[in-house]
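File shown: upload20.txt (compact mmCIF, C-alpha atoms).
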```
# COMPACT_ATOMS: atom_id res chain seq x y z
CA MET R 1474 -147.31 -99.71 -52.94
CA ALA R 1475 -148.10 -102.98 -51.18
CA THR R 1476 -146.97 -106.03 -53.12
CA LYS R 1477 -148.84 -109.30 -53.51
CA GLN R 1478 -146.43 -111.06 -51.18
CA GLU R 1479 -147.02 -108.52 -48.42
CA MET R 1480 -150.81 -108.78 -48.83
CA ALA R 1481 -150.48 -112.58 -48.65
CA GLU R 1482 -148.61 -112.21 -45.39
CA LEU R 1483 -151.43 -110.11 -43.98
CA ASP R 1484 -153.97 -112.71 -45.09
CA GLN R 1485 -151.93 -115.33 -43.34
CA MET R 1486 -152.03 -113.23 -40.17
CA GLU R 1487 -155.83 -113.27 -40.29
CA THR R 1488 -155.86 -117.08 -40.19
CA GLY R 1489 -153.03 -117.28 -37.69
CA SER R 1490 -149.24 -117.54 -38.14
CA ASN R 1491 -147.29 -120.72 -37.61
CA HIS R 1492 -144.10 -118.82 -36.74
CA PRO R 1493 -142.74 -120.17 -33.43
CA SER R 1494 -142.01 -116.72 -32.03
CA LEU R 1495 -145.56 -115.52 -32.66
CA GLU R 1496 -147.60 -118.44 -31.40
CA ALA R 1497 -148.95 -116.44 -28.51
CA VAL R 1498 -149.90 -113.48 -30.66
CA GLY R 1499 -153.03 -113.05 -32.79
CA TYR R 1500 -153.95 -110.21 -35.09
CA ASN R 1501 -157.11 -108.32 -35.92
CA ILE R 1502 -156.90 -106.88 -39.43
CA ASN R 1503 -159.46 -104.32 -40.58
CA ARG R 1504 -159.56 -103.30 -44.22
CA GLY R 1505 -161.23 -100.09 -45.33
CA THR R 1506 -161.16 -97.03 -47.52
CA SER R 1507 -160.09 -93.57 -46.43
CA LYS R 1508 -161.72 -90.27 -47.37
CA MET R 1509 -159.29 -89.85 -50.28
CA GLY R 1510 -160.27 -93.24 -51.68
CA LEU R 1511 -157.09 -94.94 -50.51
CA HIS R 1512 -157.06 -98.53 -49.35
CA THR R 1513 -156.04 -98.72 -45.70
CA VAL R 1514 -155.12 -101.65 -43.51
CA GLU R 1515 -155.40 -101.52 -39.72
CA VAL R 1516 -153.58 -104.21 -37.79
CA SER R 1517 -153.94 -104.77 -34.02
CA SER R 1518 -152.63 -107.56 -31.86
CA ILE R 1519 -154.34 -109.83 -29.36
CA ILE R 1520 -153.13 -112.56 -27.03
CA ARG R 1521 -154.54 -115.96 -27.73
CA PRO R 1522 -156.26 -117.54 -24.77
CA GLY R 1523 -154.34 -120.19 -22.89
CA SER R 1524 -150.96 -118.86 -23.94
CA LEU R 1525 -148.17 -118.56 -21.37
CA ILE R 1526 -145.82 -116.45 -23.50
CA PRO R 1527 -145.97 -112.75 -22.47
CA LEU R 1528 -145.62 -109.97 -25.03
CA PRO R 1529 -142.59 -107.69 -24.80
CA PRO R 1530 -143.18 -104.13 -23.57
CA PRO R 1531 -144.05 -101.58 -26.30
CA PRO R 1532 -141.07 -99.51 -27.41
CA THR R 1533 -141.07 -95.81 -26.66
CA THR R 1534 -139.36 -94.69 -29.84
CA GLY R 1535 -138.37 -96.11 -33.19
CA THR R 1536 -140.08 -97.53 -36.24
CA ALA R 1537 -140.65 -101.25 -36.53
CA THR R 1538 -140.67 -103.08 -39.84
CA ALA R 1539 -141.98 -106.48 -40.90
CA ALA R 1540 -138.50 -107.98 -40.55
CA ASP R 1541 -138.32 -106.86 -36.91
CA VAL R 1542 -141.67 -108.52 -36.19
CA GLU R 1543 -140.49 -111.82 -37.65
CA LYS R 1544 -137.47 -111.68 -35.34
CA GLY R 1545 -139.62 -110.88 -32.32
CA ALA R 1546 -137.75 -107.62 -31.64
CA THR R 1547 -140.76 -105.35 -31.04
CA SER R 1548 -144.30 -105.67 -29.84
CA ALA R 1549 -147.16 -106.42 -32.20
CA ASP R 1550 -149.08 -103.26 -31.26
CA GLN R 1551 -146.29 -100.95 -32.26
CA TRP R 1552 -145.65 -103.01 -35.35
CA GLY R 1553 -149.29 -102.78 -36.35
CA LYS R 1554 -149.35 -98.99 -36.08
CA ASN R 1555 -146.15 -98.61 -38.05
CA MET R 1556 -147.35 -101.08 -40.65
CA GLN R 1557 -150.49 -99.02 -41.19
CA ARG R 1558 -148.43 -95.87 -41.56
CA TRP R 1559 -146.12 -97.61 -43.99
CA ARG R 1560 -149.04 -98.91 -46.06
CA ASN R 1561 -150.58 -95.45 -46.37
CA ASP R 1562 -147.27 -93.88 -47.33
CA ASN R 1563 -146.46 -96.42 -50.03
CA ILE R 1564 -149.79 -96.81 -51.83
CA ASP R 1565 -149.53 -95.82 -55.47
CA ILE R 1566 -152.06 -93.08 -56.18
CA GLY R 1567 -150.85 -92.33 -59.70
CA LYS R 1568 -148.56 -89.40 -58.95
CA ALA R 1569 -145.11 -89.01 -60.49
CA ASP R 1570 -141.90 -89.89 -58.69
CA PRO R 1571 -140.52 -86.66 -57.19
CA GLY R 1572 -137.00 -87.87 -57.95
CA GLY R 1573 -137.58 -88.18 -61.70
CA PRO R 1574 -138.75 -85.88 -64.48
CA GLY R 1575 -142.43 -85.06 -64.50
CA ILE R 1576 -144.95 -84.57 -67.25
CA CYS R 1577 -143.86 -80.96 -67.79
CA ALA R 1578 -140.29 -82.06 -68.44
CA PHE R 1579 -141.52 -84.62 -70.95
CA ILE R 1580 -143.60 -82.02 -72.77
CA LEU R 1581 -140.73 -79.51 -72.91
CA THR R 1582 -138.34 -82.16 -74.18
CA LEU R 1583 -140.75 -83.24 -76.90
CA PHE R 1584 -141.37 -79.64 -77.93
CA SER R 1585 -137.64 -78.96 -78.12
CA PHE R 1586 -136.98 -81.94 -80.37
CA LEU R 1587 -139.87 -80.91 -82.64
CA LEU R 1588 -138.44 -77.41 -82.83
CA ILE R 1589 -135.03 -78.80 -83.82
CA LEU R 1590 -136.60 -80.88 -86.58
CA ALA R 1591 -138.66 -77.94 -87.80
CA THR R 1592 -135.64 -75.62 -88.07
CA PHE R 1593 -133.24 -78.22 -89.46
CA PRO R 1594 -130.49 -77.65 -90.65
CA LEU R 1595 -130.35 -74.20 -89.03
CA SER R 1596 -130.74 -75.80 -85.61
CA LEU R 1597 -127.37 -77.56 -86.01
CA CYS R 1598 -125.63 -74.25 -85.35
CA PHE R 1599 -127.12 -74.27 -81.85
CA SER R 1600 -127.10 -78.02 -81.20
CA VAL R 1601 -123.59 -79.03 -82.24
CA LYS R 1602 -120.81 -78.05 -79.83
CA VAL R 1603 -117.09 -78.76 -79.81
CA VAL R 1604 -114.68 -79.05 -76.89
CA GLN R 1605 -110.90 -79.21 -77.13
CA GLU R 1606 -108.73 -82.19 -76.21
CA TYR R 1607 -107.98 -80.67 -72.80
CA GLU R 1608 -111.62 -79.75 -72.04
CA ARG R 1609 -114.76 -81.55 -70.95
CA ALA R 1610 -118.41 -80.43 -71.05
CA VAL R 1611 -120.83 -81.11 -68.18
CA ILE R 1612 -124.42 -81.00 -69.48
CA PHE R 1613 -127.56 -80.21 -67.46
CA ARG R 1614 -130.99 -80.94 -68.90
CA LEU R 1615 -133.78 -79.00 -67.21
CA GLY R 1616 -131.48 -78.48 -64.24
CA ARG R 1617 -130.64 -82.17 -63.88
CA LEU R 1618 -127.21 -83.63 -64.53
CA LEU R 1619 -127.31 -85.62 -67.74
CA LYS R 1620 -126.37 -89.27 -67.47
CA GLY R 1621 -123.15 -90.51 -69.02
CA GLY R 1622 -120.76 -88.09 -67.36
CA ALA R 1623 -118.85 -85.28 -69.01
CA ARG R 1624 -118.75 -85.06 -72.82
CA GLY R 1625 -115.65 -84.64 -74.93
CA PRO R 1626 -113.23 -84.20 -76.41
CA GLY R 1627 -114.68 -83.53 -79.84
CA ILE R 1628 -118.25 -82.98 -80.99
CA PHE R 1629 -121.32 -83.40 -78.80
CA PHE R 1630 -124.97 -82.43 -79.18
CA ILE R 1631 -127.27 -80.46 -76.90
CA VAL R 1632 -130.94 -79.51 -77.03
CA PRO R 1633 -130.86 -75.69 -77.19
CA CYS R 1634 -134.06 -74.99 -75.29
CA ILE R 1635 -133.59 -77.31 -72.32
CA ASP R 1636 -129.86 -78.06 -72.10
CA THR R 1637 -127.10 -75.99 -70.53
CA TYR R 1638 -123.47 -76.99 -70.34
CA ARG R 1639 -120.28 -75.86 -68.68
CA LYS R 1640 -116.76 -76.37 -69.98
CA VAL R 1641 -114.06 -77.53 -67.56
CA ASP R 1642 -110.36 -77.24 -68.32
CA LEU R 1643 -108.35 -80.35 -67.40
CA ARG R 1644 -104.90 -78.78 -67.73
CA THR R 1645 -102.68 -78.16 -64.75
CA VAL R 1646 -103.27 -74.73 -63.23
CA SER R 1647 -100.79 -72.87 -61.02
CA PHE R 1648 -101.42 -69.95 -58.71
CA ASP R 1649 -99.47 -67.99 -56.12
CA VAL R 1650 -100.56 -68.13 -52.51
CA PRO R 1651 -100.53 -64.55 -51.15
CA PRO R 1652 -97.83 -63.86 -48.53
CA GLN R 1653 -99.07 -65.03 -45.16
CA GLU R 1654 -97.98 -63.43 -41.87
CA ILE R 1655 -97.32 -66.50 -39.72
CA LEU R 1656 -96.33 -66.78 -36.07
CA SER R 1657 -94.02 -69.77 -35.73
CA ARG R 1658 -93.94 -72.10 -32.76
CA ASP R 1659 -91.00 -70.20 -31.23
CA SER R 1660 -92.93 -66.88 -31.47
CA VAL R 1661 -91.21 -65.45 -34.56
CA THR R 1662 -93.26 -63.57 -37.14
CA VAL R 1663 -92.41 -64.46 -40.73
CA ALA R 1664 -94.05 -63.81 -44.11
CA VAL R 1665 -94.24 -66.90 -46.32
CA ASP R 1666 -95.63 -67.29 -49.83
CA ALA R 1667 -96.00 -70.44 -51.92
CA VAL R 1668 -97.11 -71.72 -55.32
CA VAL R 1669 -99.66 -74.52 -55.86
CA TYR R 1670 -100.19 -76.70 -58.93
CA TYR R 1671 -103.52 -78.51 -59.35
CA ARG R 1672 -105.78 -79.98 -62.04
CA VAL R 1673 -109.38 -81.19 -62.34
CA GLN R 1674 -109.58 -84.97 -62.40
CA ASN R 1675 -113.40 -85.33 -62.30
CA PRO R 1676 -115.26 -82.54 -64.15
CA THR R 1677 -118.71 -83.71 -63.08
CA ILE R 1678 -117.90 -83.56 -59.36
CA ALA R 1679 -116.00 -80.28 -59.78
CA VAL R 1680 -119.10 -78.63 -61.26
CA SER R 1681 -121.85 -80.21 -59.16
CA ASN R 1682 -120.22 -80.47 -55.70
CA VAL R 1683 -118.64 -77.03 -55.32
CA GLU R 1684 -119.66 -73.61 -56.59
CA ASN R 1685 -116.20 -72.44 -57.66
CA PHE R 1686 -113.51 -75.09 -57.27
CA SER R 1687 -110.69 -72.72 -58.28
CA HIS R 1688 -111.53 -70.06 -55.70
CA SER R 1689 -112.15 -72.69 -53.02
CA THR R 1690 -108.79 -74.32 -53.69
CA ARG R 1691 -107.01 -70.97 -53.41
CA LEU R 1692 -108.60 -70.18 -50.05
CA LEU R 1693 -107.89 -73.66 -48.75
CA ALA R 1694 -104.23 -73.41 -49.82
CA ALA R 1695 -103.76 -70.15 -47.89
CA THR R 1696 -105.38 -71.62 -44.78
CA THR R 1697 -103.36 -74.84 -45.00
CA LEU R 1698 -100.11 -72.85 -45.36
CA ARG R 1699 -100.84 -70.98 -42.13
CA ASN R 1700 -101.84 -74.12 -40.25
CA VAL R 1701 -98.80 -76.15 -41.29
CA LEU R 1702 -96.18 -73.44 -40.69
CA GLY R 1703 -97.73 -72.50 -37.35
CA THR R 1704 -96.50 -75.84 -35.96
CA LYS R 1705 -92.86 -75.33 -37.05
CA ASN R 1706 -89.92 -73.49 -35.54
CA LEU R 1707 -88.08 -70.81 -37.49
CA ALA R 1708 -85.11 -73.13 -38.05
CA GLU R 1709 -87.44 -75.85 -39.41
CA ILE R 1710 -89.17 -73.38 -41.74
CA LEU R 1711 -85.83 -72.28 -43.18
CA SER R 1712 -84.25 -75.73 -43.49
CA GLU R 1713 -87.15 -78.17 -44.10
CA ARG R 1714 -88.97 -76.60 -47.02
CA GLU R 1715 -89.29 -79.87 -48.92
CA THR R 1716 -90.91 -81.62 -45.95
CA ILE R 1717 -93.33 -78.73 -45.43
CA SER R 1718 -94.25 -78.75 -49.12
CA HIS R 1719 -94.97 -82.48 -49.05
CA THR R 1720 -97.13 -82.11 -45.93
CA MET R 1721 -99.14 -79.30 -47.53
CA GLN R 1722 -99.59 -81.26 -50.75
CA SER R 1723 -100.96 -84.31 -48.90
CA SER R 1724 -103.34 -82.20 -46.80
CA LEU R 1725 -104.65 -80.22 -49.78
CA ASP R 1726 -105.06 -83.31 -51.95
CA GLU R 1727 -107.13 -85.03 -49.26
CA ALA R 1728 -109.33 -81.97 -48.70
CA THR R 1729 -109.98 -81.28 -52.41
CA ASP R 1730 -110.69 -84.88 -53.40
CA PRO R 1731 -114.50 -84.47 -52.85
CA TRP R 1732 -114.34 -81.49 -55.25
CA GLY R 1733 -112.81 -83.54 -58.07
CA VAL R 1734 -109.52 -81.60 -57.80
CA LYS R 1735 -106.06 -83.18 -57.67
CA VAL R 1736 -103.27 -81.11 -56.05
CA GLU R 1737 -100.08 -82.19 -57.79
CA ARG R 1738 -97.38 -80.03 -56.20
CA VAL R 1739 -96.80 -77.35 -53.57
CA GLU R 1740 -93.63 -75.28 -53.32
CA ILE R 1741 -92.52 -72.71 -50.73
CA LYS R 1742 -91.27 -69.70 -52.68
CA ASP R 1743 -89.87 -67.27 -50.12
CA VAL R 1744 -89.57 -66.77 -46.37
CA ARG R 1745 -89.19 -63.11 -45.39
CA LEU R 1746 -87.93 -62.22 -41.92
CA PRO R 1747 -88.22 -58.88 -40.10
CA VAL R 1748 -85.28 -56.47 -40.58
CA GLN R 1749 -84.30 -56.52 -36.92
CA LEU R 1750 -84.27 -60.31 -36.89
CA GLN R 1751 -82.14 -60.35 -40.02
CA ARG R 1752 -79.58 -58.04 -38.35
CA ALA R 1753 -79.52 -60.16 -35.21
CA MET R 1754 -79.05 -63.35 -37.21
CA ALA R 1755 -76.29 -61.71 -39.27
CA ALA R 1756 -74.47 -60.57 -36.11
CA GLU R 1757 -74.79 -64.05 -34.63
CA ALA R 1758 -73.43 -65.67 -37.77
CA GLU R 1759 -70.53 -63.18 -37.94
CA ALA R 1760 -69.58 -63.81 -34.32
CA ALA R 1761 -69.71 -67.56 -34.91
CA ARG R 1762 -67.45 -67.22 -37.96
CA GLU R 1763 -64.94 -65.07 -36.05
CA ALA R 1764 -64.84 -67.58 -33.20
CA ARG R 1765 -64.18 -70.42 -35.63
CA ALA R 1766 -61.45 -68.35 -37.35
CA LYS R 1767 -59.65 -67.73 -34.05
CA VAL R 1768 -59.82 -71.40 -33.14
CA ILE R 1769 -58.44 -72.38 -36.53
CA ALA R 1770 -55.60 -69.82 -36.23
CA ALA R 1771 -54.66 -71.10 -32.77
CA GLU R 1772 -54.64 -74.68 -34.01
CA GLY R 1773 -52.40 -73.60 -36.90
CA GLU R 1774 -49.89 -71.91 -34.57
CA GLN R 1775 -49.83 -74.97 -32.36
CA LYS R 1776 -49.07 -77.22 -35.28
CA ALA R 1777 -46.42 -74.76 -36.59
CA SER R 1778 -44.65 -74.65 -33.24
CA ARG R 1779 -44.52 -78.44 -33.13
CA ALA R 1780 -43.08 -78.51 -36.64
CA LEU R 1781 -40.40 -75.94 -35.68
CA ARG R 1782 -39.48 -77.95 -32.62
CA ASP R 1783 -39.01 -81.07 -34.74
CA ALA R 1784 -36.95 -79.07 -37.24
CA ALA R 1785 -34.72 -77.69 -34.48
CA GLU R 1786 -34.06 -81.18 -33.21
CA VAL R 1787 -33.05 -82.32 -36.68
CA ILE R 1788 -30.75 -79.31 -37.20
CA ALA R 1789 -29.13 -79.80 -33.79
CA GLU R 1790 -28.07 -83.30 -34.80
CA SER R 1791 -26.21 -81.99 -37.90
CA PRO R 1792 -24.51 -78.55 -37.71
CA ALA R 1793 -24.07 -78.46 -41.48
CA ALA R 1794 -27.83 -78.41 -41.88
CA LEU R 1795 -27.92 -74.94 -40.32
CA GLN R 1796 -25.51 -73.60 -42.93
CA LEU R 1797 -27.62 -75.07 -45.70
CA ARG R 1798 -30.66 -73.38 -44.20
CA TYR R 1799 -28.76 -70.06 -44.26
CA LEU R 1800 -27.98 -70.48 -47.93
CA GLN R 1801 -31.59 -71.38 -48.76
CA THR R 1802 -32.82 -68.27 -46.98
CA LEU R 1803 -30.31 -66.08 -48.90
CA ASN R 1804 -31.48 -67.59 -52.18
CA THR R 1805 -35.12 -66.84 -51.37
CA ILE R 1806 -34.43 -63.24 -50.34
CA SER R 1807 -32.25 -62.51 -53.37
CA ALA R 1808 -34.99 -63.73 -55.73
CA GLU R 1809 -37.52 -61.26 -54.36
CA LYS R 1810 -35.39 -58.21 -53.42
CA ASN R 1811 -32.19 -58.00 -55.46
CA SER R 1812 -31.08 -54.65 -53.96
CA THR R 1813 -30.99 -55.98 -50.42
CA ILE R 1814 -28.02 -58.00 -49.21
CA ILE R 1815 -28.34 -59.95 -46.02
CA PHE R 1816 -25.38 -61.67 -44.50
CA PRO R 1817 -26.26 -64.07 -41.71
CA LEU R 1818 -23.91 -64.09 -38.75
CA PRO R 1819 -23.82 -67.26 -36.71
CA ILE R 1820 -24.53 -66.82 -33.04
CA ASP R 1821 -21.66 -69.08 -32.08
CA ILE R 1822 -19.13 -66.46 -33.22
CA LEU R 1823 -20.52 -63.94 -30.74
CA LYS R 1824 -20.13 -66.24 -27.77
CA HIS R 1825 -16.45 -65.32 -27.40
CA PHE R 1826 -17.30 -61.60 -27.12
CA ILE R 1827 -20.03 -62.03 -24.52
CA LYS R 1828 -18.82 -61.97 -20.87
CA PRO R 1829 -20.09 -64.96 -18.98
CA SER R 1830 -22.17 -64.23 -15.89
CA LYS R 1831 -21.32 -65.33 -12.38
CA VAL R 1832 -23.81 -68.13 -12.55
CA ASP R 1833 -22.19 -69.45 -15.68
CA LYS R 1834 -18.74 -69.33 -14.07
CA TYR R 1835 -20.00 -71.26 -11.09
CA ASP R 1836 -21.50 -73.81 -13.38
CA LEU R 1837 -18.22 -74.23 -15.16
```
Can you turn what I pasted into structure tokens?
Amino acid sequence: MATKQEMAELDQMETGSNHPSLEAVGYNINRGTSKMGLHTVEVSSIIRPGSLIPLPPPPTTGTATAADVEKGATSADQWGKNMQRWRNDNIDIGKADPGGPGICAFILTLFSFLLILATFPLSLCFSVKVVQEYERAVIFRLGRLLKGGARGPGIFFIVPCIDTYRKVDLRTVSFDVPPQEILSRDSVTVAVDAVVYYRVQNPTIAVSNVENFSHSTRLLAATTLRNVLGTKNLAEILSERETISHTMQSSLDEATDPWGVKVERVEIKDVRLPVQLQRAMAAEAEAAREARAKVIAAEGEQKASRALRDAAEVIAESPAALQLRYLQTLNTISAEKNSTIIFPLPIDILKHFIKPSKVDKYDL
């Protein structure tokens, strides 16, 4: 509907505008009445005689407003046509706002309240509702979301004939993601399943923005699990479960925020490998363990030989040490096997019975 200020601006155009950017432009304004009885305004532009300021070329597309004309952005002809269209579209002809409740809604609401009063106190059984501490109620009146947000916890009232409501549970809900057959980045097929924990943080958005937020979250979790693990190698999937869980939680939380859902935690439960791959990995691990065992045994023998060489050097410096070693060995053997008697014979005694070789004689 045209305001008084806008009509005053049109009247000023009839007498001529003092705006510096429109000095060269005049307007012809024709007022009339359409067939439907609506007041119409037709505006056309003219060039005042003696003016040296040319008009800009008419735009091919777009809608010009009064603000654009004041800035000199569009031509007066196009502005006049759009102004007429705007005037006709915004004239108040007494019809209701399509965005608000109409007369039928008002009548039904009034009838419902009269019915409640007529059947009082029996109507309280249908009007009074209770939600638990962990629940909220989203109320719709004649299909429209009732102002004030979700109701609860505790008692709230509804109009039985025109109100409908839906309870939403705010507690944390957990569900298992079905095992997903995933092809990793290094072309290994694995089956992975996970568990997701989420809760509703905005009941109104959860009811009005998505048909079934629980089912949608489950499908999105399965898809996100496949997308995230498809970018990882098998070694990363087996060793970086915590990082993968955090990445999935961030992605799911961002995607479900417009649904009023908060994803609190994601955990990878199990990673199942094919049987052949398990055997191959087991054989590889066994071979690696055997190789490490052989290396460790060789290092032990090397260290033992060095210790024996140092011990031989110490014994060679003191001949009595060898006799003490003999006695210690006899003591150890006698403690374990009492029926066995071992008498050590020094090698030096046998030297006198061994014939020296020719080489030894020459050396002497």
- List the neighbours of Ser1687 in chain R out to 12 Å using all atoms listed in the file; skip same-chain residues closer than 6 positions along the sequence, and give me the result as a VMD selection string. chain R and resid 1641 to 1642 1645 to 1648 1669 to 1673 1679 to 1680 1693 to 1694 1729 1732 to 1736
Dump of C-alpha atoms for the selected residues, as a PDB file, keeping the file's coordinate frame:
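Output file result.pdb follows:
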```
ATOM      1  CA  VAL R1641    -114.060 -77.530 -67.560  1.00  0.00           C
ATOM      2  CA  ASP R1642    -110.360 -77.240 -68.320  1.00  0.00           C
ATOM      3  CA  THR R1645    -102.680 -78.160 -64.750  1.00  0.00           C
ATOM      4  CA  VAL R1646    -103.270 -74.730 -63.230  1.00  0.00           C
ATOM      5  CA  SER R1647    -100.790 -72.870 -61.020  1.00  0.00           C
ATOM      6  CA  PHE R1648    -101.420 -69.950 -58.710  1.00  0.00           C
ATOM      7  CA  VAL R1669     -99.660 -74.520 -55.860  1.00  0.00           C
ATOM      8  CA  TYR R1670    -100.190 -76.700 -58.930  1.00  0.00           C
ATOM      9  CA  TYR R1671    -103.520 -78.510 -59.350  1.00  0.00           C
ATOM     10  CA  ARG R1672    -105.780 -79.980 -62.040  1.00  0.00           C
ATOM     11  CA  VAL R1673    -109.380 -81.190 -62.340  1.00  0.00           C
ATOM     12  CA  ALA R1679    -116.000 -80.280 -59.780  1.00  0.00           C
ATOM     13  CA  VAL R1680    -119.100 -78.630 -61.260  1.00  0.00           C
ATOM     14  CA  LEU R1693    -107.890 -73.660 -48.750  1.00  0.00           C
ATOM     15  CA  ALA R1694    -104.230 -73.410 -49.820  1.00  0.00           C
ATOM     16  CA  THR R1729    -109.980 -81.280 -52.410  1.00  0.00           C
ATOM     17  CA  TRP R1732    -114.340 -81.490 -55.250  1.00  0.00           C
ATOM     18  CA  GLY R1733    -112.810 -83.540 -58.070  1.00  0.00           C
ATOM     19  CA  VAL R1734    -109.520 -81.600 -57.800  1.00  0.00           C
ATOM     20  CA  LYS R1735    -106.060 -83.180 -57.670  1.00  0.00           C
ATOM     21  CA  VAL R1736    -103.270 -81.110 -56.050  1.00  0.00           C
TER      22      VAL R1736
END
```
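Residues with any atom within 10 Å of Leu1795 in chain R, counting all atoms listed in the file and excluding same-chain neighbours fewer than 6 positions away, are R:Ala1785, R:Val1787, R:Ile1788, R:Ala1789, R:Gln1801, R:Pro1819.
The coordinates place CA of Leu1615 in chain R at 12.5 Å from CA of Ile1576 in chain R.
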- To one decimal place, how far is CA of Ile1612 in chain R from CA of Pro1633 in chain R in Å?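 Distance between the two atoms: 11.4 Å.
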- With a distance cut-off of 12 Å and all atoms listed in the file, select the neighbouring residues of Ser1596 in chain R, excluding the residue or stretch itself and same-chain residues fewer than 3 positions from it, and output the selection as a list of chain:residue names.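 Residues meeting the cut-off are R:Ser1585, R:Phe1586, R:Leu1587, R:Leu1588, R:Ile1589, R:Leu1590, R:Ala1591, R:Thr1592, R:Phe1593, R:Phe1599, R:Ser1600, R:Val1601, R:Lys1602, R:Phe1630, R:Ile1631, R:Val1632, R:Pro1633, R:Cys1634.
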- Message: Please report the interatomic distance between CA of Gln1674 in chain R and CA of Leu1643 in chain R in Å with one decimal.
- Response: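 Between CA of Gln1674 in chain R and CA of Leu1643 in chain R the gap works out to 6.9 Å.
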